[in-house]
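Undergrad: Input entry_17.pdb, format and content: PDB, C-alpha atoms, pLDDT in the B column.
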ATOM      1  CA  MET A   1       0.000   0.000   0.000  1.00 85.00           C
ATOM      2  CA  SER A   2       1.215   3.491  -0.839  1.00 93.00           C
ATOM      3  CA  PHE A   3       0.391   6.707   0.992  1.00 91.00           C
ATOM      4  CA  VAL A   4       1.626  10.211   1.688  1.00 88.00           C
ATOM      5  CA  GLN A   5       1.706  11.787   5.111  1.00 91.00           C
ATOM      6  CA  LYS A   6       1.127  15.548   5.301  1.00 94.00           C
ATOM      7  CA  ARG A   7       0.351  18.037   8.033  1.00 95.00           C
ATOM      8  CA  SER A   8      -3.167  19.475   8.467  1.00 97.00           C
ATOM      9  CA  TYR A   9      -4.279  22.333  10.708  1.00 97.00           C
ATOM     10  CA  TYR A  10      -7.614  22.832  12.474  1.00 97.00           C
ATOM     11  CA  PHE A  11      -8.717  26.218  13.749  1.00 97.00           C
ATOM     12  CA  ASP A  12     -10.823  26.259  16.924  1.00 96.00           C
ATOM     13  CA  THR A  13     -13.278  28.699  15.372  1.00 94.00           C
ATOM     14  CA  PRO A  14     -13.854  30.176  11.895  1.00 95.00           C
ATOM     15  CA  GLY A  15     -13.154  33.755  10.949  1.00 93.00           C
ATOM     16  CA  PRO A  16     -10.671  36.463  10.028  1.00 96.00           C
ATOM     17  CA  ALA A  17      -8.360  35.856  13.018  1.00 97.00           C
ATOM     18  CA  ASN A  18      -7.071  32.827  11.067  1.00 97.00           C
ATOM     19  CA  THR A  19      -6.107  34.731   7.913  1.00 98.00           C
ATOM     20  CA  GLU A  20      -2.377  35.136   8.507  1.00 98.00           C
ATOM     21  CA  ASP A  21      -2.005  31.502   9.589  1.00 98.00           C
ATOM     22  CA  ALA A  22      -4.002  30.383   6.533  1.00 98.00           C
ATOM     23  CA  ALA A  23      -1.593  32.360   4.340  1.00 98.00           C
ATOM     24  CA  ARG A  24       1.438  30.746   6.019  1.00 98.00           C
ATOM     25  CA  PHE A  25      -0.092  27.261   5.662  1.00 98.00           C
ATOM     26  CA  SER A  26      -0.798  27.978   1.982  1.00 98.00           C
ATOM     27  CA  LEU A  27       2.810  28.940   1.361  1.00 98.00           C
ATOM     28  CA  GLU A  28       4.075  25.922   3.298  1.00 98.00           C
ATOM     29  CA  ARG A  29       1.955  23.436   1.313  1.00 98.00           C
ATOM     30  CA  ALA A  30       2.678  25.121  -2.028  1.00 98.00           C
ATOM     31  CA  LYS A  31       6.427  24.834  -1.427  1.00 98.00           C
ATOM     32  CA  GLU A  32       6.138  21.281  -0.107  1.00 97.00           C
ATOM     33  CA  SER A  33       4.066  20.120  -3.097  1.00 97.00           C
ATOM     34  CA  GLY A  34       5.633  22.220  -5.853  1.00 97.00           C
ATOM     35  CA  ILE A  35       2.367  24.081  -6.450  1.00 98.00           C
ATOM     36  CA  LYS A  36       2.848  27.353  -8.284  1.00 98.00           C
ATOM     37  CA  THR A  37      -0.505  29.119  -7.730  1.00 98.00           C
ATOM     38  CA  VAL A  38      -2.491  30.209  -4.679  1.00 98.00           C
ATOM     39  CA  ILE A  39      -6.076  31.356  -5.215  1.00 98.00           C
ATOM     40  CA  VAL A  40      -7.712  33.341  -2.429  1.00 98.00           C
ATOM     41  CA  ALA A  41     -11.136  34.902  -1.993  1.00 97.00           C
ATOM     42  CA  SER A  42     -11.156  38.553  -0.948  1.00 97.00           C
ATOM     43  CA  THR A  43     -14.113  40.907  -0.660  1.00 94.00           C
ATOM     44  CA  SER A  44     -12.517  44.213   0.366  1.00 95.00           C
ATOM     45  CA  GLY A  45      -8.887  43.436  -0.469  1.00 96.00           C
ATOM     46  CA  GLU A  46      -7.602  43.036   3.088  1.00 97.00           C
ATOM     47  CA  THR A  47      -7.269  39.254   2.884  1.00 98.00           C
ATOM     48  CA  ALA A  48      -5.557  39.622  -0.488  1.00 98.00           C
ATOM     49  CA  GLN A  49      -3.025  42.035   1.037  1.00 98.00           C
ATOM     50  CA  THR A  50      -2.203  39.580   3.822  1.00 98.00           C
ATOM     51  CA  PHE A  51      -1.604  36.790   1.316  1.00 98.00           C
ATOM     52  CA  SER A  52       0.479  39.048  -0.913  1.00 98.00           C
ATOM     53  CA  LYS A  53       2.760  39.930   2.017  1.00 98.00           C
ATOM     54  CA  VAL A  54       3.202  36.293   3.063  1.00 98.00           C
ATOM     55  CA  LEU A  55       3.837  35.051  -0.493  1.00 98.00           C
ATOM     56  CA  LYS A  56       6.183  37.917  -1.425  1.00 96.00           C
ATOM     57  CA  GLY A  57       9.458  36.649  -2.878  1.00 95.00           C
ATOM     58  CA  SER A  58       8.241  33.034  -3.073  1.00 96.00           C
ATOM     59  CA  ARG A  59       7.680  33.013  -6.875  1.00 96.00           C
ATOM     60  CA  ILE A  60       4.200  31.627  -6.238  1.00 98.00           C
ATOM     61  CA  GLN A  61       1.490  33.334  -8.327  1.00 98.00           C
ATOM     62  CA  LEU A  62      -1.313  34.864  -6.259  1.00 98.00           C
ATOM     63  CA  VAL A  63      -4.755  34.965  -7.873  1.00 98.00           C
ATOM     64  CA  VAL A  64      -7.414  36.924  -5.991  1.00 98.00           C
ATOM     65  CA  VAL A  65     -11.087  36.254  -6.668  1.00 97.00           C
ATOM     66  CA  THR A  66     -13.465  39.008  -5.627  1.00 96.00           C
ATOM     67  CA  HIS A  67     -17.199  39.285  -5.214  1.00 90.00           C
ATOM     68  CA  VAL A  68     -18.996  40.060  -8.443  1.00 88.00           C
ATOM     69  CA  VAL A  69     -19.996  43.688  -9.043  1.00 89.00           C
ATOM     70  CA  GLY A  70     -23.426  44.203  -7.488  1.00 86.00           C
ATOM     71  CA  PHE A  71     -23.077  41.367  -4.959  1.00 84.00           C
ATOM     72  CA  THR A  72     -24.172  43.579  -2.055  1.00 86.00           C
ATOM     73  CA  LYS A  73     -25.380  46.717  -3.777  1.00 90.00           C
ATOM     74  CA  PRO A  74     -26.318  47.152  -7.469  1.00 92.00           C
ATOM     75  CA  GLY A  75     -23.439  48.526  -9.525  1.00 91.00           C
ATOM     76  CA  GLU A  76     -20.955  48.484  -6.628  1.00 92.00           C
ATOM     77  CA  TRP A  77     -17.660  46.576  -6.463  1.00 93.00           C
ATOM     78  CA  GLU A  78     -16.705  46.024  -2.822  1.00 93.00           C
ATOM     79  CA  PHE A  79     -12.978  45.611  -3.505  1.00 94.00           C
ATOM     80  CA  SER A  80     -10.823  48.638  -2.658  1.00 95.00           C
ATOM     81  CA  GLN A  81      -9.603  50.360  -5.820  1.00 95.00           C
ATOM     82  CA  ASP A  82      -6.397  51.403  -4.022  1.00 96.00           C
ATOM     83  CA  ILE A  83      -5.642  47.855  -2.895  1.00 97.00           C
ATOM     84  CA  ALA A  84      -6.436  46.546  -6.391  1.00 96.00           C
ATOM     85  CA  ALA A  85      -3.912  48.971  -7.934  1.00 97.00           C
ATOM     86  CA  GLN A  86      -1.257  48.047  -5.360  1.00 97.00           C
ATOM     87  CA  LEU A  87      -1.745  44.297  -5.876  1.00 97.00           C
ATOM     88  CA  GLN A  88      -1.714  44.584  -9.658  1.00 97.00           C
ATOM     89  CA  ASN A  89       1.564  46.527  -9.436  1.00 96.00           C
ATOM     90  CA  GLU A  90       2.943  43.551  -7.484  1.00 96.00           C
ATOM     91  CA  GLY A  91       1.902  41.150 -10.276  1.00 96.00           C
ATOM     92  CA  VAL A  92      -1.155  39.739  -8.497  1.00 97.00           C
ATOM     93  CA  LYS A  93      -4.008  38.651 -10.767  1.00 97.00           C
ATOM     94  CA  ILE A  94      -7.442  39.912  -9.703  1.00 98.00           C
ATOM     95  CA  VAL A  95     -10.455  38.052 -11.065  1.00 97.00           C
ATOM     96  CA  THR A  96     -14.099  39.091 -10.786  1.00 94.00           C
ATOM     97  CA  GLY A  97     -16.690  36.763 -12.231  1.00 89.00           C
ATOM     98  CA  THR A  98     -20.188  35.466 -11.638  1.00 84.00           C
ATOM     99  CA  HIS A  99     -20.437  33.165  -8.641  1.00 82.00           C
ATOM    100  CA  ALA A 100     -20.377  29.671 -10.107  1.00 80.00           C
ATOM    101  CA  LEU A 101     -22.332  28.066  -7.249  1.00 76.00           C
ATOM    102  CA  SER A 102     -25.090  30.666  -7.055  1.00 73.00           C
ATOM    103  CA  GLY A 103     -25.345  33.412  -9.693  1.00 65.00           C
ATOM    104  CA  LEU A 104     -28.494  32.925 -11.775  1.00 65.00           C
ATOM    105  CA  GLU A 105     -29.603  29.952  -9.652  1.00 67.00           C
ATOM    106  CA  ARG A 106     -30.028  32.202  -6.611  1.00 63.00           C
ATOM    107  CA  ALA A 107     -32.202  34.591  -8.582  1.00 65.00           C
ATOM    108  CA  LEU A 108     -34.508  31.692  -9.409  1.00 64.00           C
ATOM    109  CA  SER A 109     -34.666  30.248  -5.895  1.00 67.00           C
ATOM    110  CA  ARG A 110     -35.360  33.673  -4.331  1.00 65.00           C
ATOM    111  CA  SER A 111     -38.110  34.504  -6.798  1.00 64.00           C
ATOM    112  CA  PRO A 112     -41.641  34.243  -5.394  1.00 68.00           C
ATOM    113  CA  LYS A 113     -42.775  33.318  -8.910  1.00 67.00           C
ATOM    114  CA  VAL A 114     -40.397  30.354  -9.220  1.00 64.00           C
ATOM    115  CA  GLY A 115     -39.311  29.601  -5.643  1.00 65.00           C
ATOM    116  CA  GLY A 116     -37.584  26.550  -4.254  1.00 66.00           C
ATOM    117  CA  GLY A 117     -34.002  25.440  -4.071  1.00 68.00           C
ATOM    118  CA  SER A 118     -31.831  24.564  -7.022  1.00 71.00           C
ATOM    119  CA  ARG A 119     -29.429  21.703  -7.608  1.00 73.00           C
ATOM    120  CA  THR A 120     -26.484  24.101  -7.754  1.00 72.00           C
ATOM    121  CA  GLU A 121     -27.422  25.655  -4.427  1.00 76.00           C
ATOM    122  CA  ALA A 122     -27.783  22.156  -2.955  1.00 71.00           C
ATOM    123  CA  ILE A 123     -24.164  21.429  -3.918  1.00 75.00           C
ATOM    124  CA  ALA A 124     -23.007  24.721  -2.376  1.00 72.00           C
ATOM    125  CA  GLU A 125     -24.952  24.067   0.816  1.00 75.00           C
ATOM    126  CA  ALA A 126     -23.500  20.566   1.085  1.00 70.00           C
ATOM    127  CA  PHE A 127     -19.973  22.033   1.030  1.00 74.00           C
ATOM    128  CA  ARG A 128     -20.936  24.664   3.624  1.00 70.00           C
ATOM    129  CA  ARG A 129     -22.665  22.323   6.049  1.00 75.00           C
ATOM    130  CA  THR A 130     -20.705  19.096   5.824  1.00 74.00           C
ATOM    131  CA  VAL A 131     -17.142  20.421   5.578  1.00 79.00           C
ATOM    132  CA  ALA A 132     -16.711  24.195   5.866  1.00 83.00           C
ATOM    133  CA  VAL A 133     -18.104  27.430   4.455  1.00 84.00           C
ATOM    134  CA  GLY A 134     -14.576  28.199   3.297  1.00 90.00           C
ATOM    135  CA  LEU A 135     -14.480  24.998   1.236  1.00 93.00           C
ATOM    136  CA  LYS A 136     -17.496  26.154  -0.768  1.00 91.00           C
ATOM    137  CA  VAL A 137     -15.780  29.521  -1.272  1.00 92.00           C
ATOM    138  CA  ALA A 138     -12.445  27.934  -2.266  1.00 96.00           C
ATOM    139  CA  VAL A 139     -14.092  25.596  -4.796  1.00 95.00           C
ATOM    140  CA  GLU A 140     -16.134  28.441  -6.255  1.00 95.00           C
ATOM    141  CA  CYS A 141     -13.037  30.659  -6.581  1.00 97.00           C
ATOM    142  CA  VAL A 142     -11.222  27.930  -8.506  1.00 97.00           C
ATOM    143  CA  LEU A 143     -14.175  27.559 -10.878  1.00 96.00           C
ATOM    144  CA  ILE A 144     -14.350  31.328 -11.430  1.00 96.00           C
ATOM    145  CA  ALA A 145     -10.584  31.646 -11.970  1.00 97.00           C
ATOM    146  CA  ALA A 146     -10.583  28.769 -14.461  1.00 97.00           C
ATOM    147  CA  ASP A 147     -13.606  30.146 -16.324  1.00 96.00           C
ATOM    148  CA  GLN A 148     -11.945  33.574 -16.580  1.00 95.00           C
ATOM    149  CA  GLY A 149      -8.709  32.058 -17.914  1.00 96.00           C
ATOM    150  CA  ALA A 150      -6.646  33.167 -14.896  1.00 97.00           C
ATOM    151  CA  ILE A 151      -5.534  29.573 -14.238  1.00 98.00           C
ATOM    152  CA  GLY A 152      -5.297  26.400 -16.265  1.00 97.00           C
ATOM    153  CA  VAL A 153      -6.958  23.142 -15.336  1.00 97.00           C
ATOM    154  CA  ALA A 154      -3.980  20.797 -15.643  1.00 96.00           C
ATOM    155  CA  ASP A 155      -2.062  21.722 -12.480  1.00 97.00           C
ATOM    156  CA  GLU A 156      -3.119  21.588  -8.838  1.00 98.00           C
ATOM    157  CA  VAL A 157      -3.588  24.877  -6.994  1.00 98.00           C
ATOM    158  CA  ILE A 158      -3.870  25.952  -3.390  1.00 98.00           C
ATOM    159  CA  ALA A 159      -7.360  27.386  -2.902  1.00 98.00           C
ATOM    160  CA  VAL A 160      -8.379  29.465   0.108  1.00 98.00           C
ATOM    161  CA  GLY A 161     -11.764  30.601   1.361  1.00 96.00           C
ATOM    162  CA  GLY A 162     -13.268  31.884   4.563  1.00 95.00           C
ATOM    163  CA  THR A 163     -16.349  32.161   6.699  1.00 94.00           C
ATOM    164  CA  MET A 164     -17.901  35.615   6.207  1.00 86.00           C
ATOM    165  CA  SER A 165     -14.527  37.441   6.141  1.00 90.00           C
ATOM    166  CA  GLY A 166     -10.858  36.591   6.224  1.00 94.00           C
ATOM    167  CA  ALA A 167      -9.470  33.148   5.410  1.00 97.00           C
ATOM    168  CA  ASP A 168      -9.845  29.942   7.415  1.00 96.00           C
ATOM    169  CA  THR A 169      -9.947  27.075   4.905  1.00 97.00           C
ATOM    170  CA  VAL A 170      -6.979  25.999   2.777  1.00 98.00           C
ATOM    171  CA  CYS A 171      -7.085  23.103   0.335  1.00 98.00           C
ATOM    172  CA  VAL A 172      -5.343  21.605  -2.659  1.00 98.00           C
ATOM    173  CA  ILE A 173      -7.594  21.382  -5.709  1.00 98.00           C
ATOM    174  CA  ARG A 174      -7.253  20.054  -9.214  1.00 98.00           C
ATOM    175  CA  PRO A 175      -9.182  22.747 -11.126  1.00 98.00           C
ATOM    176  CA  ALA A 176     -11.976  22.453 -13.653  1.00 97.00           C
ATOM    177  CA  HIS A 177     -14.226  24.817 -15.534  1.00 96.00           C
ATOM    178  CA  THR A 178     -17.751  25.256 -14.218  1.00 93.00           C
ATOM    179  CA  ALA A 179     -19.159  23.371 -17.204  1.00 92.00           C
ATOM    180  CA  ASN A 180     -16.977  20.410 -16.153  1.00 95.00           C
ATOM    181  CA  PHE A 181     -17.628  20.780 -12.412  1.00 93.00           C
ATOM    182  CA  PHE A 182     -17.413  17.049 -11.669  1.00 94.00           C
ATOM    183  CA  ASP A 183     -13.845  16.953 -13.015  1.00 96.00           C
ATOM    184  CA  LEU A 184     -12.772  19.247 -10.146  1.00 96.00           C
ATOM    185  CA  GLN A 185     -11.133  17.373  -7.268  1.00 97.00           C
ATOM    186  CA  VAL A 186     -10.504  18.568  -3.720  1.00 97.00           C
ATOM    187  CA  ARG A 187      -7.359  16.552  -3.117  1.00 97.00           C
ATOM    188  CA  GLU A 188      -6.217  17.798   0.294  1.00 97.00           C
ATOM    189  CA  ILE A 189      -7.614  19.789   3.186  1.00 97.00           C
ATOM    190  CA  VAL A 190      -4.648  21.726   4.563  1.00 98.00           C
ATOM    191  CA  ALA A 191      -6.548  23.795   7.154  1.00 97.00           C
ATOM    192  CA  MET A 192     -10.130  24.375   8.220  1.00 95.00           C
ATOM    193  CA  PRO A 193     -12.162  25.396  11.263  1.00 96.00           C
ATOM    194  CA  ARG A 194     -13.471  22.549  13.439  1.00 93.00           C
ATOM    195  CA  ALA A 195     -16.549  24.521  14.500  1.00 87.00           C
ATOM    196  CA  ARG A 196     -18.888  26.097  11.947  1.00 77.00           C
TER     197      ARG A 196
END
Written as structure tokens, how would this file's structure read?
TA:
Amino acid sequence: MSFVQKRSYYFDTPGPANTEDAARFSLERAKESGIKTVIVASTSGETAQTFSKVLKGSRIQLVVVTHVVGFTKPGEWEFSQDIAAQLQNEGVKIVTGTHALSGLERALSRSPKVGGGSRTEAIAEAFRRTVAVGLKVAVECVLIAADQGAIGVADEVIAVGGTMSGADTVCVIRPAHTANFFDLQVREIVAMPRAR
């Protein structure tokens, strides 16, 4: 029998207090596994800045996936324009795309005319409830980044998500495009909160 032994980390609680540790764990696993890309979710840009600082000088590409324009308020992008300019000057890729695990599906399920849950939202909720909210976010960010052409689908990436804000879930994923969702593989959980 063949196996690999790797270190995993479990946060006592979810949330932004775990962001810097999540960034360090991402760098550690990327170096250990020869992974060249870290994808992180960031709403305002603060989480992205933390990851940029930790990854600086490592030669690992940082890809930041933001909320879609209009996520909270019509026509508004929540990401700081100043932080976006700073990160882009550092060579960080910033991707904004429709949420692969909600988007149009959420419009249908929230509609009083249509109502009811959707299969896509059932998949998202399964990630949130059975593993971690951050896993759903990390998977979705990989799908968005692949669909926008920011990453390829041949090489594993480190993907990072969080619960409400910050970062608390780190995993290794073999990417796929949204249209090929079931080709995506979560291959390792590097860190996650035990309580949700």
Undergrad: Got a sec: who's within 10 Å of Arg119 in chain A, counting only C-alpha atoms, leaving out chain neighbours fewer than 5 positions off, as a ChimeraX atom specification?
TA: /A:101-102,105,124-125
Undergrad: State, in Å with one decimal place, the distance from CA of Leu87 in chain A to CA of Glu20 in chain A.
TA: 17.1 Å
Undergrad: Between CA of Lys136 in chain A and CA of Leu62 in chain A, what distance in Å does the model show, to one decimal?
TA: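 Distance reported for this atom pair: 19.2 Å.
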Undergrad: Point out the residue among A:Ala195, A:Val142, A:Val68, A:Ala22 with the least atom-to-atom distance to Thr47 in chain A, counting all atoms listed in the file.
TA: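 Under the stated criterion, the closest residue is A:Ala22.
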Undergrad: Could you work out how far CA of Gly161 in chain A lies from CA of Val4 in chain A, giving the answer in Å with one decimal?
TA: 24.4 Å
Undergrad: Reconstruct range 10-21 of chain A at the level of all heavy atoms, and format the result as an mmCIF file, in the coordinates of the input.
TA:
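Wrote it out as part_22.cif, contents follow:
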data_model
loop_
_atom_site.group_PDB
_atom_site.id
_atom_site.type_symbol
_atom_site.label_atom_id
_atom_site.label_comp_id
_atom_site.auth_asym_id
_atom_site.auth_seq_id
_atom_site.Cartn_x
_atom_site.Cartn_y
_atom_site.Cartn_z
ATOM 1 N N TYR A 10 -6.203 22.638 12.159
ATOM 2 C CA TYR A 10 -7.614 22.832 12.474
ATOM 3 C C TYR A 10 -7.757 24.026 13.401
ATOM 4 O O TYR A 10 -7.237 24.012 14.517
ATOM 5 C CB TYR A 10 -8.204 21.561 13.098
ATOM 6 C CG TYR A 10 -8.087 20.389 12.162
ATOM 7 C CD1 TYR A 10 -7.025 19.489 12.264
ATOM 8 C CD2 TYR A 10 -8.999 20.222 11.127
ATOM 9 C CE1 TYR A 10 -6.890 18.443 11.379
ATOM 10 C CE2 TYR A 10 -8.868 19.171 10.231
ATOM 11 C CZ TYR A 10 -7.815 18.285 10.362
ATOM 12 O OH TYR A 10 -7.672 17.258 9.466
ATOM 13 N N PHE A 11 -8.462 25.040 12.927
ATOM 14 C CA PHE A 11 -8.717 26.218 13.749
ATOM 15 C C PHE A 11 -9.860 25.923 14.712
ATOM 16 O O PHE A 11 -10.810 25.228 14.363
ATOM 17 C CB PHE A 11 -9.086 27.412 12.866
ATOM 18 C CG PHE A 11 -8.004 27.823 11.903
ATOM 19 C CD1 PHE A 11 -8.186 27.696 10.532
ATOM 20 C CD2 PHE A 11 -6.804 28.346 12.369
ATOM 21 C CE1 PHE A 11 -7.190 28.084 9.645
ATOM 22 C CE2 PHE A 11 -5.801 28.738 11.493
ATOM 23 C CZ PHE A 11 -5.996 28.601 10.118
ATOM 24 N N ASP A 12 -9.763 26.469 15.932
ATOM 25 C CA ASP A 12 -10.823 26.259 16.924
ATOM 26 C C ASP A 12 -12.144 26.849 16.461
ATOM 27 O O ASP A 12 -13.205 26.261 16.669
ATOM 28 C CB ASP A 12 -10.440 26.871 18.276
ATOM 29 C CG ASP A 12 -9.284 26.127 18.936
ATOM 30 O OD1 ASP A 12 -9.143 24.908 18.687
ATOM 31 O OD2 ASP A 12 -8.535 26.762 19.697
ATOM 32 N N THR A 13 -12.074 28.020 15.846
ATOM 33 C CA THR A 13 -13.278 28.699 15.372
ATOM 34 C C THR A 13 -13.002 29.305 13.998
ATOM 35 O O THR A 13 -11.847 29.566 13.645
ATOM 36 C CB THR A 13 -13.705 29.836 16.329
ATOM 37 O OG1 THR A 13 -12.615 30.751 16.474
ATOM 38 C CG2 THR A 13 -14.105 29.291 17.697
ATOM 39 N N PRO A 14 -14.051 29.546 13.200
ATOM 40 C CA PRO A 14 -13.854 30.176 11.895
ATOM 41 C C PRO A 14 -13.654 31.678 12.041
ATOM 42 O O PRO A 14 -13.887 32.239 13.102
ATOM 43 C CB PRO A 14 -15.180 29.877 11.173
ATOM 44 C CG PRO A 14 -16.181 29.722 12.258
ATOM 45 C CD PRO A 14 -15.445 29.175 13.454
ATOM 46 N N GLY A 15 -13.192 32.303 10.970
ATOM 47 C CA GLY A 15 -13.154 33.755 10.949
ATOM 48 C C GLY A 15 -11.833 34.372 10.580
ATOM 49 O O GLY A 15 -10.834 33.689 10.358
ATOM 50 N N PRO A 16 -11.822 35.714 10.536
ATOM 51 C CA PRO A 16 -10.671 36.463 10.028
ATOM 52 C C PRO A 16 -9.417 36.373 10.897
ATOM 53 O O PRO A 16 -8.319 36.633 10.397
ATOM 54 C CB PRO A 16 -11.184 37.901 9.948
ATOM 55 C CG PRO A 16 -12.345 37.964 10.869
ATOM 56 C CD PRO A 16 -12.953 36.596 10.865
ATOM 57 N N ALA A 17 -9.548 35.988 12.158
ATOM 58 C CA ALA A 17 -8.360 35.856 13.018
ATOM 59 C C ALA A 17 -7.402 34.785 12.490
ATOM 60 O O ALA A 17 -6.229 34.767 12.855
ATOM 61 C CB ALA A 17 -8.777 35.528 14.451
ATOM 62 N N ASN A 18 -7.881 33.927 11.604
ATOM 63 C CA ASN A 18 -7.071 32.827 11.067
ATOM 64 C C ASN A 18 -6.358 33.180 9.762
ATOM 65 O O ASN A 18 -5.612 32.366 9.231
ATOM 66 C CB ASN A 18 -7.980 31.612 10.821
ATOM 67 C CG ASN A 18 -8.694 31.187 12.079
ATOM 68 O OD1 ASN A 18 -8.093 31.054 13.137
ATOM 69 N ND2 ASN A 18 -10.001 30.975 11.977
ATOM 70 N N THR A 19 -6.575 34.375 9.254
ATOM 71 C CA THR A 19 -6.107 34.731 7.913
ATOM 72 C C THR A 19 -4.596 34.608 7.752
ATOM 73 O O THR A 19 -4.113 33.994 6.795
ATOM 74 C CB THR A 19 -6.579 36.153 7.533
ATOM 75 O OG1 THR A 19 -8.008 36.188 7.598
ATOM 76 C CG2 THR A 19 -6.119 36.537 6.142
ATOM 77 N N GLU A 20 -3.837 35.183 8.664
ATOM 78 C CA GLU A 20 -2.377 35.136 8.507
ATOM 79 C C GLU A 20 -1.860 33.702 8.593
ATOM 80 O O GLU A 20 -0.983 33.297 7.825
ATOM 81 C CB GLU A 20 -1.681 36.025 9.536
ATOM 82 C CG GLU A 20 -0.221 36.209 9.202
ATOM 83 C CD GLU A 20 0.436 37.348 9.959
ATOM 84 O OE1 GLU A 20 -0.264 38.318 10.335
ATOM 85 O OE2 GLU A 20 1.654 37.255 10.160
ATOM 86 N N ASP A 21 -2.408 32.911 9.511
ATOM 87 C CA ASP A 21 -2.005 31.502 9.589
ATOM 88 C C ASP A 21 -2.385 30.762 8.308
ATOM 89 O O ASP A 21 -1.602 29.966 7.793
ATOM 90 C CB ASP A 21 -2.656 30.816 10.794
ATOM 91 C CG ASP A 21 -2.020 31.227 12.113
ATOM 92 O OD1 ASP A 21 -0.813 31.527 12.136
ATOM 93 O OD2 ASP A 21 -2.740 31.232 13.128
#
